[in-house]
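K.L.:
Dropping in target.cif, which is mmCIF, C-alpha atoms:
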data_start
#
loop_
_atom_site.group_PDB
_atom_site.id
_atom_site.type_symbol
_atom_site.label_atom_id
_atom_site.label_comp_id
_atom_site.auth_asym_id
_atom_site.auth_seq_id
_atom_site.Cartn_x
_atom_site.Cartn_y
_atom_site.Cartn_z
ATOM 1 C CA MET V 193 12.822 -199.519 132.380
ATOM 2 C CA ARG V 194 12.107 -196.981 135.114
ATOM 3 C CA ARG V 195 15.761 -195.954 135.177
ATOM 4 C CA VAL V 196 15.794 -195.443 131.400
ATOM 5 C CA LYS V 197 12.644 -193.320 131.558
ATOM 6 C CA GLY V 198 14.084 -191.377 134.461
ATOM 7 C CA LEU V 199 17.281 -190.640 132.555
ATOM 8 C CA ALA V 200 15.308 -189.530 129.539
ATOM 9 C CA ARG V 201 13.221 -187.195 131.692
ATOM 10 C CA LEU V 202 16.380 -185.741 133.238
ATOM 11 C CA ALA V 203 17.891 -185.174 129.798
ATOM 12 C CA ILE V 204 14.750 -183.419 128.588
ATOM 13 C CA PHE V 205 14.520 -181.362 131.774
ATOM 14 C CA GLY V 206 18.147 -180.371 131.424
ATOM 15 C CA VAL V 207 17.633 -179.133 127.867
ATOM 16 C CA ILE V 208 14.523 -177.132 128.755
ATOM 17 C CA VAL V 209 15.863 -175.681 132.016
ATOM 18 C CA GLY V 210 19.208 -174.962 130.373
ATOM 19 C CA TRP V 211 17.518 -172.301 128.272
ATOM 20 C CA ALA V 212 16.340 -170.487 131.374
ATOM 21 C CA GLY V 213 19.898 -169.689 132.367
ATOM 22 C CA TRP V 214 21.104 -169.177 128.838
ATOM 23 C CA ALA V 215 23.118 -166.085 128.145
ATOM 24 C CA GLY V 216 25.745 -165.546 125.476
ATOM 25 C CA SER V 217 28.061 -162.741 124.538
ATOM 26 C CA ALA V 218 29.646 -162.482 121.114
ATOM 27 C CA LEU V 219 32.314 -160.060 122.278
ATOM 28 C CA ALA V 220 34.933 -160.155 124.982
ATOM 29 C CA PRO V 221 34.823 -157.333 127.586
ATOM 30 C CA SER V 222 37.537 -155.563 125.611
ATOM 31 C CA GLY V 223 35.331 -155.579 122.515
ATOM 32 C CA VAL V 224 37.620 -157.975 120.624
ATOM 33 C CA PRO V 225 35.550 -160.441 118.563
ATOM 34 C CA LEU V 226 35.685 -164.060 119.659
ATOM 35 C CA PHE V 227 35.516 -166.856 117.111
ATOM 36 C CA ALA V 228 33.083 -169.127 118.931
ATOM 37 C CA ALA V 229 35.341 -169.143 121.984
ATOM 38 C CA GLY V 230 37.880 -171.083 119.915
ATOM 39 C CA LYS V 231 35.531 -174.080 119.668
ATOM 40 C CA VAL V 232 34.452 -173.744 116.052
ATOM 41 C CA ASN V 233 36.384 -171.586 113.618
ATOM 42 C CA MET V 234 34.784 -170.835 110.266
ATOM 43 C CA THR V 235 36.358 -169.654 107.035
ATOM 44 C CA PHE V 236 34.110 -167.985 104.446
ATOM 45 C CA THR V 237 35.487 -167.975 100.904
ATOM 46 C CA PRO V 238 33.695 -166.359 97.940
ATOM 47 C CA GLN V 239 33.339 -168.666 94.954
ATOM 48 C CA ASP V 240 34.495 -165.669 92.934
ATOM 49 C CA GLN V 241 34.904 -161.964 93.590
ATOM 50 C CA THR V 242 31.250 -161.368 92.762
ATOM 51 C CA PHE V 243 30.460 -162.778 96.199
ATOM 52 C CA ALA V 244 33.245 -161.065 98.169
ATOM 53 C CA ALA V 245 30.884 -158.668 99.966
ATOM 54 C CA ALA V 246 28.560 -161.499 100.968
ATOM 55 C CA ALA V 247 31.488 -163.571 102.239
ATOM 56 C CA GLU V 248 32.567 -160.599 104.354
ATOM 57 C CA ALA V 249 29.025 -160.289 105.733
ATOM 58 C CA TYR V 250 29.079 -163.931 106.818
ATOM 59 C CA ARG V 251 32.553 -163.475 108.305
ATOM 60 C CA ARG V 252 31.398 -160.491 110.356
ATOM 61 C CA LEU V 253 28.359 -162.420 111.511
ATOM 62 C CA TRP V 254 30.536 -165.245 112.769
ATOM 63 C CA ALA V 255 33.071 -162.893 114.374
ATOM 64 C CA GLU V 256 30.300 -161.105 116.264
ATOM 65 C CA GLU V 257 27.930 -163.977 117.049
ATOM 66 C CA GLY V 258 29.782 -167.247 116.556
ATOM 67 C CA SER V 259 30.319 -167.877 120.261
ATOM 68 C CA LYS V 260 26.662 -167.230 121.002
ATOM 69 C CA ILE V 261 25.498 -169.443 118.128
ATOM 70 C CA VAL V 262 27.664 -172.391 119.177
ATOM 71 C CA GLU V 263 26.581 -172.098 122.806
ATOM 72 C CA ALA V 264 22.901 -171.912 121.873
ATOM 73 C CA MET V 265 23.112 -174.896 119.542
ATOM 74 C CA GLU V 266 24.942 -177.047 122.081
ATOM 75 C CA ARG V 267 22.497 -176.121 124.846
ATOM 76 C CA GLY V 268 19.473 -176.616 122.646
ATOM 77 C CA SER V 269 20.546 -179.976 121.257
ATOM 78 C CA GLY V 270 22.484 -181.462 124.162
ATOM 79 C CA LEU V 271 25.282 -182.223 121.669
ATOM 80 C CA THR V 272 28.830 -180.884 121.465
ATOM 81 C CA PHE V 273 30.465 -179.831 118.222
ATOM 82 C CA VAL V 274 33.171 -182.289 117.265
ATOM 83 C CA GLU V 275 34.439 -180.134 114.376
ATOM 84 C CA THR V 276 36.801 -177.299 115.205
ATOM 85 C CA ASP V 277 37.225 -175.881 111.695
ATOM 86 C CA VAL V 278 34.476 -175.514 109.102
ATOM 87 C CA LYS V 279 35.006 -174.097 105.633
ATOM 88 C CA ALA V 280 32.149 -172.365 103.819
ATOM 89 C CA VAL V 281 31.947 -171.305 100.178
ATOM 90 C CA ILE V 282 29.749 -168.307 99.425
ATOM 91 C CA PHE V 283 27.988 -168.604 96.076
ATOM 92 C CA GLU V 284 24.581 -168.201 94.475
ATOM 93 C CA GLY V 285 22.676 -171.459 94.803
ATOM 94 C CA ALA V 286 20.894 -173.684 97.293
ATOM 95 C CA SER V 287 22.685 -173.717 100.645
ATOM 96 C CA GLN V 288 24.047 -177.039 101.853
ATOM 97 C CA SER V 289 25.830 -178.176 104.978
ATOM 98 C CA GLY V 290 28.634 -180.261 103.544
ATOM 99 C CA PHE V 291 30.268 -182.808 105.822
ATOM 100 C CA GLY V 292 33.775 -183.447 107.067
ATOM 101 C CA ASP V 293 36.216 -182.088 104.474
ATOM 102 C CA THR V 294 33.383 -181.163 102.122
ATOM 103 C CA PRO V 295 32.738 -177.445 102.632
ATOM 104 C CA MET V 296 29.456 -175.830 103.492
ATOM 105 C CA TYR V 297 27.828 -173.769 100.725
ATOM 106 C CA LEU V 298 25.861 -170.629 101.635
ATOM 107 C CA ARG V 299 23.740 -168.475 99.358
ATOM 108 C CA ALA V 300 25.185 -164.983 98.915
ATOM 109 C CA SER V 301 22.003 -163.019 98.225
ATOM 110 C CA TYR V 302 20.041 -163.829 101.379
ATOM 111 C CA PRO V 303 18.974 -160.865 103.539
ATOM 112 C CA ALA V 304 20.866 -160.499 106.828
ATOM 113 C CA ASP V 305 18.333 -162.387 108.977
ATOM 114 C CA VAL V 306 18.097 -165.261 106.496
ATOM 115 C CA LYS V 307 21.896 -165.465 106.447
ATOM 116 C CA LYS V 308 21.805 -165.940 110.235
ATOM 117 C CA ALA V 309 19.035 -168.530 110.120
ATOM 118 C CA THR V 310 20.635 -170.458 107.261
ATOM 119 C CA LEU V 311 24.041 -170.564 108.914
ATOM 120 C CA VAL V 312 22.477 -172.044 112.067
ATOM 121 C CA HIS V 313 20.416 -174.460 109.950
ATOM 122 C CA GLU V 314 23.423 -175.786 108.030
ATOM 123 C CA LEU V 315 25.572 -175.992 111.157
ATOM 124 C CA GLY V 316 22.756 -178.018 112.707
ATOM 125 C CA HIS V 317 23.078 -180.620 109.977
ATOM 126 C CA ARG V 318 26.813 -180.871 110.670
ATOM 127 C CA LEU V 319 26.229 -181.063 114.422
ATOM 128 C CA ASN V 320 23.716 -183.864 113.874
ATOM 129 C CA GLY V 321 26.209 -185.807 111.765
ATOM 130 C CA GLN V 322 27.398 -187.538 114.937
ATOM 131 C CA LEU V 323 23.964 -189.127 115.405
ATOM 132 C CA ARG V 324 24.377 -192.426 113.601
ATOM 133 C CA LYS V 325 21.215 -194.004 114.995
ATOM 134 C CA ARG V 326 18.088 -192.333 113.616
ATOM 135 C CA PRO V 327 14.379 -193.117 113.988
ATOM 136 C CA LYS V 328 13.068 -194.627 110.764
ATOM 137 C CA ASP V 329 10.118 -192.224 110.724
ATOM 138 C CA LEU V 330 12.235 -189.055 110.776
ATOM 139 C CA ASP V 331 14.266 -187.732 107.871
ATOM 140 C CA GLU V 332 17.289 -185.459 108.264
ATOM 141 C CA HIS V 333 15.306 -182.237 108.370
ATOM 142 C CA ARG V 334 12.700 -183.475 110.828
ATOM 143 C CA VAL V 335 15.494 -184.498 113.192
ATOM 144 C CA LEU V 336 16.984 -181.003 112.871
ATOM 145 C CA PHE V 337 13.607 -179.299 113.294
ATOM 146 C CA LEU V 338 13.237 -180.917 116.722
ATOM 147 C CA TYR V 339 15.429 -178.115 118.083
ATOM 148 C CA LEU V 340 16.153 -175.594 115.305
ATOM 149 C CA TYR V 341 13.146 -173.343 115.988
ATOM 150 C CA ASP V 342 13.986 -173.215 119.687
ATOM 151 C CA VAL V 343 17.611 -172.283 118.967
ATOM 152 C CA TRP V 344 16.486 -169.520 116.606
ATOM 153 C CA GLU V 345 14.053 -168.207 119.213
ATOM 154 C CA HIS V 346 16.605 -168.101 122.001
ATOM 155 C CA LEU V 347 19.181 -166.460 119.770
ATOM 156 C CA TYR V 348 17.015 -163.845 118.103
ATOM 157 C CA GLY V 349 13.471 -163.964 119.494
ATOM 158 C CA LYS V 350 10.123 -165.487 118.596
ATOM 159 C CA THR V 351 9.334 -163.066 115.759
ATOM 160 C CA PHE V 352 12.618 -163.967 114.065
ATOM 161 C CA ALA V 353 11.999 -167.703 114.503
ATOM 162 C CA ASP V 354 8.448 -167.478 113.149
ATOM 163 C CA GLU V 355 9.618 -165.468 110.153
ATOM 164 C CA GLN V 356 12.337 -167.995 109.319
ATOM 165 C CA VAL V 357 9.875 -170.883 109.492
ATOM 166 C CA THR V 358 7.776 -168.970 106.949
ATOM 167 C CA VAL V 359 10.827 -168.346 104.754
ATOM 168 C CA GLU V 360 11.886 -171.996 104.768
ATOM 169 C CA SER V 361 8.305 -173.219 104.314
ATOM 170 C CA GLY V 362 8.122 -171.209 101.105
ATOM 171 C CA ARG V 363 11.033 -173.029 99.493
ATOM 172 C CA ARG V 364 10.091 -175.488 96.783
ATOM 173 C CA GLY V 365 11.790 -178.150 94.717
ATOM 174 C CA LEU V 366 14.526 -179.751 96.778
ATOM 175 C CA TYR V 367 12.554 -180.724 99.891
ATOM 176 C CA ASP V 368 9.071 -180.319 101.366
ATOM 177 C CA TYR V 369 10.038 -177.833 104.083
ATOM 178 C CA GLU V 370 6.465 -176.689 104.591
ATOM 179 C CA THR V 371 5.170 -180.104 105.644
ATOM 180 C CA ALA V 372 8.190 -180.790 107.844
ATOM 181 C CA TRP V 373 7.842 -177.454 109.645
ATOM 182 C CA LYS V 374 4.095 -177.922 110.153
ATOM 183 C CA TRP V 375 4.835 -181.296 111.731
ATOM 184 C CA ALA V 376 7.546 -179.909 114.019
ATOM 185 C CA MET V 377 5.513 -176.935 115.186
ATOM 186 C CA ALA V 378 2.385 -179.014 115.752
ATOM 187 C CA ILE V 379 4.015 -181.345 118.271
ATOM 188 C CA GLY V 380 5.126 -178.500 120.549
ATOM 189 C CA ARG V 381 8.349 -177.555 122.320
ATOM 190 C CA GLU V 382 8.327 -180.186 125.083
ATOM 191 C CA GLN V 383 7.571 -183.051 122.727
ATOM 192 C CA ARG V 384 10.274 -181.862 120.337
ATOM 193 C CA ALA V 385 12.785 -181.760 123.198
ATOM 194 C CA SER V 386 11.658 -185.174 124.411
ATOM 195 C CA ARG V 387 11.981 -186.769 120.992
ATOM 196 C CA PHE V 388 15.421 -185.324 120.382
ATOM 197 C CA ALA V 389 16.641 -186.333 123.844
ATOM 198 C CA GLU V 390 15.621 -189.902 123.031
ATOM 199 C CA ILE V 391 17.669 -189.812 119.830
ATOM 200 C CA VAL V 392 20.719 -188.450 121.636
ATOM 201 C CA LYS V 393 20.375 -191.071 124.376
ATOM 202 C CA ALA V 394 20.117 -193.903 121.822
ATOM 203 C CA ASN V 395 23.365 -192.730 120.253
ATOM 204 C CA ARG V 396 25.179 -192.730 123.603
ATOM 205 C CA GLU V 397 24.227 -196.247 124.607
#
Could you render the structure from this file as structure tokens?

P.N.:
Amino acid sequence: MRRVKGLARLAIFGVIVGWAGWAGSALAPSGVPLFAAGKVNMTFTPQDQTFAAAAEAYRRLWAEEGSKIVEAMERGSGLTFVETDVKAVIFEGASQSGFGDTPMYLRASYPADVKKATLVHELGHRLNGQLRKRPKDLDEHRVLFLYLYDVWEHLYGKTFADEQVTVESGRRGLYDYETAWKWAMAIGREQRASRFAEIVKANRE
């Protein structure tokens, strides 16, 4: 029992301390865009030509920041992306992560910051797909929210993260984002990291 607790504490410590040394660059020294250091390549396809400009905006975002996003998500979650190619369809509707060969769907009309936040959010769902063992008291979004805010903050700052929590909390109909975000923010960073580390550990046993 002591060894298990010790390992859990080390995992949590590693996630928290890992942020302290976090640094990511979206561009090579030559200025050539990197596509997530070759780890995760994304293809953004407009559902029709109406969404071509939005698809290009997502493509530029990934070309410039994909490496940084992948690194931040892996550091923040303690997981490694198992997918190397992800296809995304740009359309006008509720964003969704897809899974495996099913493409991601991303809303075209989001402002630039919401595009960033949503892309990280939906990638988080795909990253978490490898976690087959889940606590019965946590749904898919509450599992994701154990680290999503912290990834947003380390990528783009606290103001950005707070604003995106407000944006998601205002969404109605498909899921009660507001209650889930209030729960996640109320338990605090260390408890979020601890809970997620326990989930990751359970899936590696």

K.L.:
For this structure, which residues satisfy the selection - the PyMOL selection byres ((chain V and resi 343-353) around 10) - when it is evaluated on the file as given? I want them as a PDB file with C-alpha atoms, in the frame of the given file.

P.N.:
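Full text of selection_32.pdb as output:
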ATOM      1  CA  TRP V 211      17.518-172.301 128.272  1.00  0.00           C
ATOM      2  CA  ALA V 212      16.340-170.487 131.374  1.00  0.00           C
ATOM      3  CA  TRP V 214      21.104-169.177 128.838  1.00  0.00           C
ATOM      4  CA  ALA V 215      23.118-166.085 128.145  1.00  0.00           C
ATOM      5  CA  GLY V 216      25.745-165.546 125.476  1.00  0.00           C
ATOM      6  CA  GLU V 257      27.930-163.977 117.049  1.00  0.00           C
ATOM      7  CA  LYS V 260      26.662-167.230 121.002  1.00  0.00           C
ATOM      8  CA  ILE V 261      25.498-169.443 118.128  1.00  0.00           C
ATOM      9  CA  GLU V 263      26.581-172.098 122.806  1.00  0.00           C
ATOM     10  CA  ALA V 264      22.901-171.912 121.873  1.00  0.00           C
ATOM     11  CA  MET V 265      23.112-174.896 119.542  1.00  0.00           C
ATOM     12  CA  GLU V 266      24.942-177.047 122.081  1.00  0.00           C
ATOM     13  CA  ARG V 267      22.497-176.121 124.846  1.00  0.00           C
ATOM     14  CA  GLY V 268      19.473-176.616 122.646  1.00  0.00           C
ATOM     15  CA  SER V 269      20.546-179.976 121.257  1.00  0.00           C
ATOM     16  CA  ASP V 305      18.333-162.387 108.977  1.00  0.00           C
ATOM     17  CA  VAL V 306      18.097-165.261 106.496  1.00  0.00           C
ATOM     18  CA  LYS V 308      21.805-165.940 110.235  1.00  0.00           C
ATOM     19  CA  ALA V 309      19.035-168.530 110.120  1.00  0.00           C
ATOM     20  CA  VAL V 312      22.477-172.044 112.067  1.00  0.00           C
ATOM     21  CA  HIS V 313      20.416-174.460 109.950  1.00  0.00           C
ATOM     22  CA  GLY V 316      22.756-178.018 112.707  1.00  0.00           C
ATOM     23  CA  PHE V 337      13.607-179.299 113.294  1.00  0.00           C
ATOM     24  CA  LEU V 338      13.237-180.917 116.722  1.00  0.00           C
ATOM     25  CA  TYR V 339      15.429-178.115 118.083  1.00  0.00           C
ATOM     26  CA  LEU V 340      16.153-175.594 115.305  1.00  0.00           C
ATOM     27  CA  TYR V 341      13.146-173.343 115.988  1.00  0.00           C
ATOM     28  CA  ASP V 342      13.986-173.215 119.687  1.00  0.00           C
ATOM     29  CA  ASP V 354       8.448-167.478 113.149  1.00  0.00           C
ATOM     30  CA  GLU V 355       9.618-165.468 110.153  1.00  0.00           C
ATOM     31  CA  GLN V 356      12.337-167.995 109.319  1.00  0.00           C
ATOM     32  CA  VAL V 357       9.875-170.883 109.492  1.00  0.00           C
ATOM     33  CA  THR V 358       7.776-168.970 106.949  1.00  0.00           C
ATOM     34  CA  VAL V 359      10.827-168.346 104.754  1.00  0.00           C
TER      35      VAL V 359
END

K.L.:
Would you please work out which residue, of V:Lys374, V:Arg326, V:Lys307, V:Lys231, is nearest to Arg387 (chain V) when using all atoms listed in the file?

P.N.:
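Looking only at the distances to Arg387 (chain V), the closest residue turns out to be V:Arg326.
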
K.L.:
So which residues get picked by the PyMOL selection byres ((chain V and resi 248) around 12) here, written as JSON, numbers by chain?

P.N.:
{"V": [235, 236, 237, 238, 241, 242, 243, 244, 245, 246, 247, 249, 250, 251, 252, 253, 254, 255, 280, 281, 282, 300, 304, 307]}

K.L.:
Translate the PyMOL selection byres ((chain V and resi 291) around 10) into a concrete residue list for this structure, as a VMD selection string.

P.N.:
chain V and resid 275 278 to 279 288 to 290 292 to 296 315 317 to 319 321

K.L.:
Go ahead and write the residues just picked, C-alpha atoms, as a short mmCIF file (atom, residue, chain, number, x, y, z; two decimals), in the frame of the given file.

P.N.:
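In the end it all went to part-v1.cif:
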data_model
loop_
_atom_site.label_atom_id
_atom_site.label_comp_id
_atom_site.auth_asym_id
_atom_site.auth_seq_id
_atom_site.Cartn_x
_atom_site.Cartn_y
_atom_site.Cartn_z
CA GLU V 275 34.44 -180.13 114.38
CA VAL V 278 34.48 -175.51 109.10
CA LYS V 279 35.01 -174.10 105.63
CA GLN V 288 24.05 -177.04 101.85
CA SER V 289 25.83 -178.18 104.98
CA GLY V 290 28.63 -180.26 103.54
CA GLY V 292 33.78 -183.45 107.07
CA ASP V 293 36.22 -182.09 104.47
CA THR V 294 33.38 -181.16 102.12
CA PRO V 295 32.74 -177.44 102.63
CA MET V 296 29.46 -175.83 103.49
CA LEU V 315 25.57 -175.99 111.16
CA HIS V 317 23.08 -180.62 109.98
CA ARG V 318 26.81 -180.87 110.67
CA LEU V 319 26.23 -181.06 114.42
CA GLY V 321 26.21 -185.81 111.76
#

K.L.:
May I ask for the distance between CA of Tyr297 (chain V) and CA of Glu314 (chain V), given in Å to one decimal place?

P.N.:
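For CA of Tyr297 (chain V) relative to CA of Glu314 (chain V), the distance reads 8.8 Å.
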